file structure-v1.csv (CSV, N, CA and C atoms)
chain,number,residue,atom,x,y,z
A,1,MET,N,-15.8,3.7,-1.4
A,1,MET,CA,-15.6,2.4,-0.8
A,1,MET,C,-15.8,2.6,0.7
A,2,GLU,N,-16.5,1.6,1.3
A,2,GLU,CA,-16.7,1.6,2.7
A,2,GLU,C,-15.4,1.3,3.5
A,3,PRO,N,-14.9,2.1,4.4
A,3,PRO,CA,-13.7,1.8,5.1
A,3,PRO,C,-13.7,0.5,5.9
A,4,SER,N,-12.7,-0.3,5.7
A,4,SER,CA,-12.5,-1.5,6.5
A,4,SER,C,-11.1,-1.8,6.7
A,5,GLY,N,-10.8,-2.7,7.6
A,5,GLY,CA,-9.4,-3.0,7.9
A,5,GLY,C,-8.9,-4.2,7.1
A,6,GLU,N,-9.7,-4.6,6.1
A,6,GLU,CA,-9.4,-5.7,5.2
A,6,GLU,C,-8.5,-5.3,4.0
A,7,ARG,N,-7.8,-6.3,3.5
A,7,ARG,CA,-6.9,-6.1,2.4
A,7,ARG,C,-7.8,-5.7,1.2
A,8,ILE,N,-7.4,-4.7,0.4
A,8,ILE,CA,-8.1,-4.3,-0.8
A,8,ILE,C,-7.7,-5.3,-1.9
A,9,ARG,N,-8.6,-5.8,-2.7
A,9,ARG,CA,-8.3,-6.8,-3.7
A,9,ARG,C,-7.4,-6.3,-4.8
A,10,ALA,N,-7.4,-5.0,-5.0
A,10,ALA,CA,-6.5,-4.4,-6.1
A,10,ALA,C,-5.0,-4.5,-5.8
A,11,ASN,N,-4.6,-4.8,-4.6
A,11,ASN,CA,-3.2,-4.9,-4.3
A,11,ASN,C,-2.5,-6.0,-5.1
A,12,ALA,N,-1.3,-5.8,-5.5
A,12,ALA,CA,-0.5,-6.8,-6.1
A,12,ALA,C,-0.2,-7.8,-5.0
A,13,TRP,N,-0.2,-9.1,-5.3
A,13,TRP,CA,-0.1,-10.1,-4.3
A,13,TRP,C,1.3,-10.1,-3.7
A,14,GLY,N,1.4,-10.2,-2.4
A,14,GLY,CA,2.7,-10.2,-1.8
A,14,GLY,C,2.7,-9.7,-0.4
A,15,ARG,N,3.8,-9.4,0.1
A,15,ARG,CA,4.0,-9.0,1.5
A,15,ARG,C,3.3,-7.7,1.9
A,16,TYR,N,3.3,-6.7,1.1
A,16,TYR,CA,2.8,-5.4,1.4
A,16,TYR,C,1.4,-5.3,0.8
A,17,TYR,N,0.5,-4.6,1.5
A,17,TYR,CA,-0.8,-4.3,1.0
A,17,TYR,C,-1.5,-3.1,1.7
A,18,VAL,N,-2.5,-2.6,1.1
A,18,VAL,CA,-3.3,-1.5,1.6
A,18,VAL,C,-4.7,-2.0,2.0
A,19,THR,N,-5.2,-1.5,3.1
A,19,THR,CA,-6.5,-1.9,3.6
A,19,THR,C,-7.6,-0.9,3.1
A,20,GLY,N,-8.8,-1.2,3.4
A,20,GLY,CA,-9.9,-0.4,3.0
A,20,GLY,C,-10.0,0.9,3.8
A,21,GLU,N,-9.2,1.1,4.7
A,21,GLU,CA,-9.1,2.4,5.5
A,21,GLU,C,-8.5,3.5,4.8
A,22,CYS,N,-7.9,3.2,3.6
A,22,CYS,CA,-7.2,4.3,2.8
A,22,CYS,C,-8.2,5.4,2.4
A,23,ASN,N,-7.7,6.6,2.5
A,23,ASN,CA,-8.6,7.8,2.2
A,23,ASN,C,-8.1,8.5,0.9
A,24,SER,N,-7.2,7.8,0.2
A,24,SER,CA,-6.7,8.3,-1.1
A,24,SER,C,-5.9,9.6,-1.0
A,25,CYS,N,-5.1,9.8,0.1
A,25,CYS,CA,-4.3,11.0,0.3
A,25,CYS,C,-3.2,11.0,-0.7
A,26,GLY,N,-2.6,9.9,-1.1
A,26,GLY,CA,-1.5,9.8,-2.1
A,26,GLY,C,-0.1,9.9,-1.5
A,27,LEU,N,0.0,10.0,-0.2
A,27,LEU,CA,1.4,10.0,0.4
A,27,LEU,C,2.2,8.8,0.0
A,28,CYS,N,1.5,7.7,0.0
A,28,CYS,CA,2.3,6.4,-0.3
A,28,CYS,C,2.9,6.5,-1.7
A,29,ALA,N,2.1,7.0,-2.7
A,29,ALA,CA,2.7,7.2,-4.1
A,29,ALA,C,3.7,8.2,-4.1
A,30,SER,N,3.7,9.2,-3.3
A,30,SER,CA,4.7,10.2,-3.2
A,30,SER,C,6.0,9.6,-2.7
A,31,CYS,N,5.9,8.7,-1.8
A,31,CYS,CA,7.1,8.1,-1.2
A,31,CYS,C,7.6,6.9,-2.1
A,32,ALA,N,6.7,6.2,-2.7
A,32,ALA,CA,7.1,5.0,-3.5
A,32,ALA,C,6.3,4.9,-4.8
A,33,PRO,N,6.6,5.8,-5.7
A,33,PRO,CA,5.7,5.9,-6.9
A,33,PRO,C,5.8,4.6,-7.8
A,34,ASP,N,6.8,3.8,-7.7
A,34,ASP,CA,6.9,2.6,-8.4
A,34,ASP,C,6.1,1.5,-7.8
A,35,ASN,N,5.6,1.7,-6.6
A,35,ASN,CA,4.9,0.6,-5.9
A,35,ASN,C,3.5,0.9,-5.5
A,36,PHE,N,3.0,2.1,-5.6
A,36,PHE,CA,1.6,2.4,-5.2
A,36,PHE,C,1.0,3.2,-6.4
A,37,GLY,N,-0.3,2.9,-6.5
A,37,GLY,CA,-1.1,3.6,-7.6
A,37,GLY,C,-2.5,3.7,-7.2
A,38,PRO,N,-3.2,4.7,-7.8
A,38,PRO,CA,-4.6,5.0,-7.4
A,38,PRO,C,-5.5,4.0,-8.1
A,39,SER,N,-6.7,3.9,-7.5
A,39,SER,CA,-7.7,3.0,-8.0
A,39,SER,C,-8.3,3.7,-9.3
A,40,TRP,N,-9.0,3.0,-10.1
A,40,TRP,CA,-9.6,3.6,-11.3
A,40,TRP,C,-10.5,4.8,-11.0
A,41,ASP,N,-11.2,4.8,-9.8
A,41,ASP,CA,-12.1,5.9,-9.5
A,41,ASP,C,-11.5,6.9,-8.5
A,42,GLY,N,-10.2,6.7,-8.2
A,42,GLY,CA,-9.5,7.6,-7.3
A,42,GLY,C,-9.9,7.6,-5.9
A,43,THR,N,-10.6,6.6,-5.4
A,43,THR,CA,-11.1,6.6,-4.0
A,43,THR,C,-10.1,5.9,-3.0
A,44,TYR,N,-9.1,5.3,-3.6
A,44,TYR,CA,-8.0,4.7,-2.7
A,44,TYR,C,-6.8,4.4,-3.5
A,45,TYR,N,-5.7,4.1,-2.8
A,45,TYR,CA,-4.5,3.7,-3.4
A,45,TYR,C,-4.2,2.2,-3.0
A,46,ALA,N,-3.5,1.5,-3.8
A,46,ALA,CA,-3.2,0.1,-3.5
A,46,ALA,C,-1.7,-0.2,-4.0
A,47,VAL,N,-1.2,-1.3,-3.5
A,47,VAL,CA,0.1,-1.7,-4.0
A,47,VAL,C,0.0,-2.2,-5.4
A,48,ALA,N,0.6,-1.4,-6.3
A,48,ALA,CA,0.6,-1.7,-7.7
A,48,ALA,C,1.7,-2.8,-8.1
A,49,ALA,N,2.8,-2.7,-7.3
A,49,ALA,CA,3.9,-3.7,-7.5
A,49,ALA,C,4.7,-3.8,-6.2
A,50,GLN,N,4.9,-5.1,-5.9
A,50,GLN,CA,5.7,-5.3,-4.7
A,50,GLN,C,7.2,-4.8,-5.0
A,51,PRO,N,7.9,-4.4,-3.9
A,51,PRO,CA,9.3,-3.9,-4.1
A,51,PRO,C,10.2,-5.0,-4.9
A,52,ALA,N,10.9,-4.5,-5.8
A,52,ALA,CA,11.8,-5.3,-6.7
A,52,ALA,C,13.2,-5.2,-6.3
A,53,ASN,N,13.6,-4.2,-5.4
A,53,ASN,CA,15.0,-4.1,-5.0
A,53,ASN,C,15.0,-3.3,-3.7
A,54,ASP,N,16.2,-3.2,-3.2
A,54,ASP,CA,16.4,-2.5,-1.9
A,54,ASP,C,15.9,-1.1,-1.8
A,55,ASN,N,16.1,-0.3,-2.9
A,55,ASN,CA,15.6,1.0,-2.9
A,55,ASN,C,14.1,1.1,-2.8
A,56,GLU,N,13.4,0.2,-3.6
A,56,GLU,CA,12.0,0.2,-3.5
A,56,GLU,C,11.5,-0.3,-2.1
A,57,GLU,N,12.2,-1.2,-1.6
A,57,GLU,CA,11.9,-1.7,-0.2
A,57,GLU,C,11.9,-0.6,0.8
A,58,LEU,N,13.0,0.2,0.7
A,58,LEU,CA,13.1,1.4,1.6
A,58,LEU,C,12.0,2.4,1.4
A,59,ALA,N,11.6,2.6,0.1
A,59,ALA,CA,10.6,3.6,-0.2
A,59,ALA,C,9.2,3.1,0.3
A,60,VAL,N,8.9,1.8,0.2
A,60,VAL,CA,7.7,1.3,0.8
A,60,VAL,C,7.7,1.4,2.3
A,61,ARG,N,8.8,1.2,2.9
A,61,ARG,CA,8.9,1.4,4.4
A,61,ARG,C,8.6,2.8,4.7
A,62,ASP,N,9.1,3.8,4.0
A,62,ASP,CA,8.9,5.2,4.2
A,62,ASP,C,7.4,5.5,4.0
A,63,ALA,N,6.8,4.9,3.0
A,63,ALA,CA,5.3,5.1,2.8
A,63,ALA,C,4.5,4.6,4.0
A,64,ILE,N,4.9,3.4,4.6
A,64,ILE,CA,4.2,2.9,5.8
A,64,ILE,C,4.3,3.9,6.9
A,65,ASP,N,5.5,4.4,7.1
A,65,ASP,CA,5.7,5.4,8.2
A,65,ASP,C,5.0,6.7,8.0
A,66,ALA,N,4.8,7.1,6.7
A,66,ALA,CA,4.2,8.4,6.4
A,66,ALA,C,2.6,8.3,6.3
A,67,CYS,N,2.1,7.1,6.2
A,67,CYS,CA,0.6,7.0,6.0
A,67,CYS,C,-0.1,7.5,7.2
A,68,PRO,N,-1.0,8.5,7.1
A,68,PRO,CA,-1.7,9.0,8.2
A,68,PRO,C,-2.9,8.1,8.7
A,69,GLN,N,-3.3,7.2,7.8
A,69,GLN,CA,-4.4,6.3,8.1
A,69,GLN,C,-3.9,5.0,8.7
A,70,ARG,N,-2.6,4.8,8.6
A,70,ARG,CA,-1.9,3.5,9.0
A,70,ARG,C,-2.6,2.3,8.4
A,71,CYS,N,-2.8,2.5,7.1
A,71,CYS,CA,-3.5,1.4,6.3
A,71,CYS,C,-2.6,0.6,5.4
A,72,ILE,N,-1.3,0.9,5.4
A,72,ILE,CA,-0.4,0.0,4.6
A,72,ILE,C,0.2,-1.0,5.6
A,73,LYS,N,0.0,-2.2,5.2
A,73,LYS,CA,0.4,-3.3,6.1
A,73,LYS,C,1.5,-4.2,5.5
A,74,ASP,N,2.2,-4.9,6.4
A,74,ASP,CA,3.3,-5.7,6.1
A,74,ASP,C,3.1,-7.1,6.7
A,75,ASP,N,2.9,-8.1,5.8
A,75,ASP,CA,2.7,-9.5,6.3
A,75,ASP,C,4.0,-10.2,6.8
A,76,GLY,N,5.1,-9.5,6.7
A,76,GLY,CA,6.3,-10.1,7.2
A,76,GLY,C,7.1,-10.7,6.0
A,77,ASP,N,8.1,-11.5,6.4
A,77,ASP,CA,8.9,-12.1,5.3
A,77,ASP,C,8.1,-13.1,4.5
A,78,GLU,N,8.4,-13.0,3.2
A,78,GLU,CA,7.6,-13.9,2.3
A,78,GLU,C,8.1,-15.3,2.4

call {"tool": "encode", "arguments": {"input": "structure-v1.csv", "output": "structure tokens"}}
result
Amino acid sequence: MEPSGERIRANAWGRYYVTGECNSCGLCASCAPDNFGPSWDGTYYAVAAQPANDNEELAVRDAIDACPQRCIKDDGDE
């Protein structure tokens, strides 16, 4: 996938999303395994499910902080 700052279509609809700048390092899935998953070809990760509770919300926030590409975005309150 060509890197871009645009939202990846594979993201679950909602507040959090991953952009095309993802390099598939997997840190997001390490922080929030219930919320991030790899693409079918392994070239990027996307939000597989938006946070369903406070623990998942904290895990996604940790993933945002850990992301070396800074490609996990937050659109703000839904």

call {"tool": "residues_near_point", "arguments": {"input": "structure-v1.csv", "point": "(8.1, 6.1, 0.0)", "cutoff": "6 Å", "atoms": "only N, CA and C atoms", "output": "JSON, numbers by chain"}}
result
{"A": [28, 30, 31, 32, 33, 58, 59, 60, 61, 62, 63]}

call {"tool": "atom_distance", "arguments": {"input": "structure-v1.csv", "atom1": "CA of Cys25 (chain A)", "atom2": "CA of Ala52 (chain A)"}}
result
24.0 Å

call {"tool": "atom_distance", "arguments": {"input": "structure-v1.csv", "atom1": "CA of Gly20 (chain A)", "atom2": "CA of Asn55 (chain A)"}}
result
26.2 Å

call {"tool": "select_by_dssp", "arguments": {"input": "structure-v1.csv", "residues": "chain A", "states": "strand (DSSP E or B)", "output": "JSON, numbers by chain"}}
result
{"A": [7, 16, 17, 18, 19, 36, 37, 38, 45, 46, 47, 72, 73, 74]}

call {"tool": "residues_around", "arguments": {"input": "structure-v1.csv", "residues": "Ala10 (chain A)", "least_positions_apart": "6", "cutoff": "8 Å", "atoms": "only C-alpha atoms", "output": "list in words"}}
result
Ser39, Ala46, Val47 and Ala48 of chain A

call {"tool": "residues_around", "arguments": {"input": "structure-v1.csv", "residues": "region 69-78 of chain A", "least_positions_apart": "4", "cutoff": "6 Å", "atoms": "only C-alpha atoms", "output": "PyMOL selection string"}}
result
chain A and resi 15-19+21-22+64

call {"tool": "atom_distance", "arguments": {"input": "structure-v1.csv", "atom1": "atom C of Gly26 (chain A)", "atom2": "atom N of Pro38 (chain A)"}}
result
8.7 Å

call {"tool": "closest_residue", "arguments": {"input": "structure-v1.csv", "among": "A:Ala29, A:Trp40, A:Gln50, A:Asn23", "to": "Asn11 (chain A)", "atoms": "only C-alpha atoms"}}
result
A:Gln50
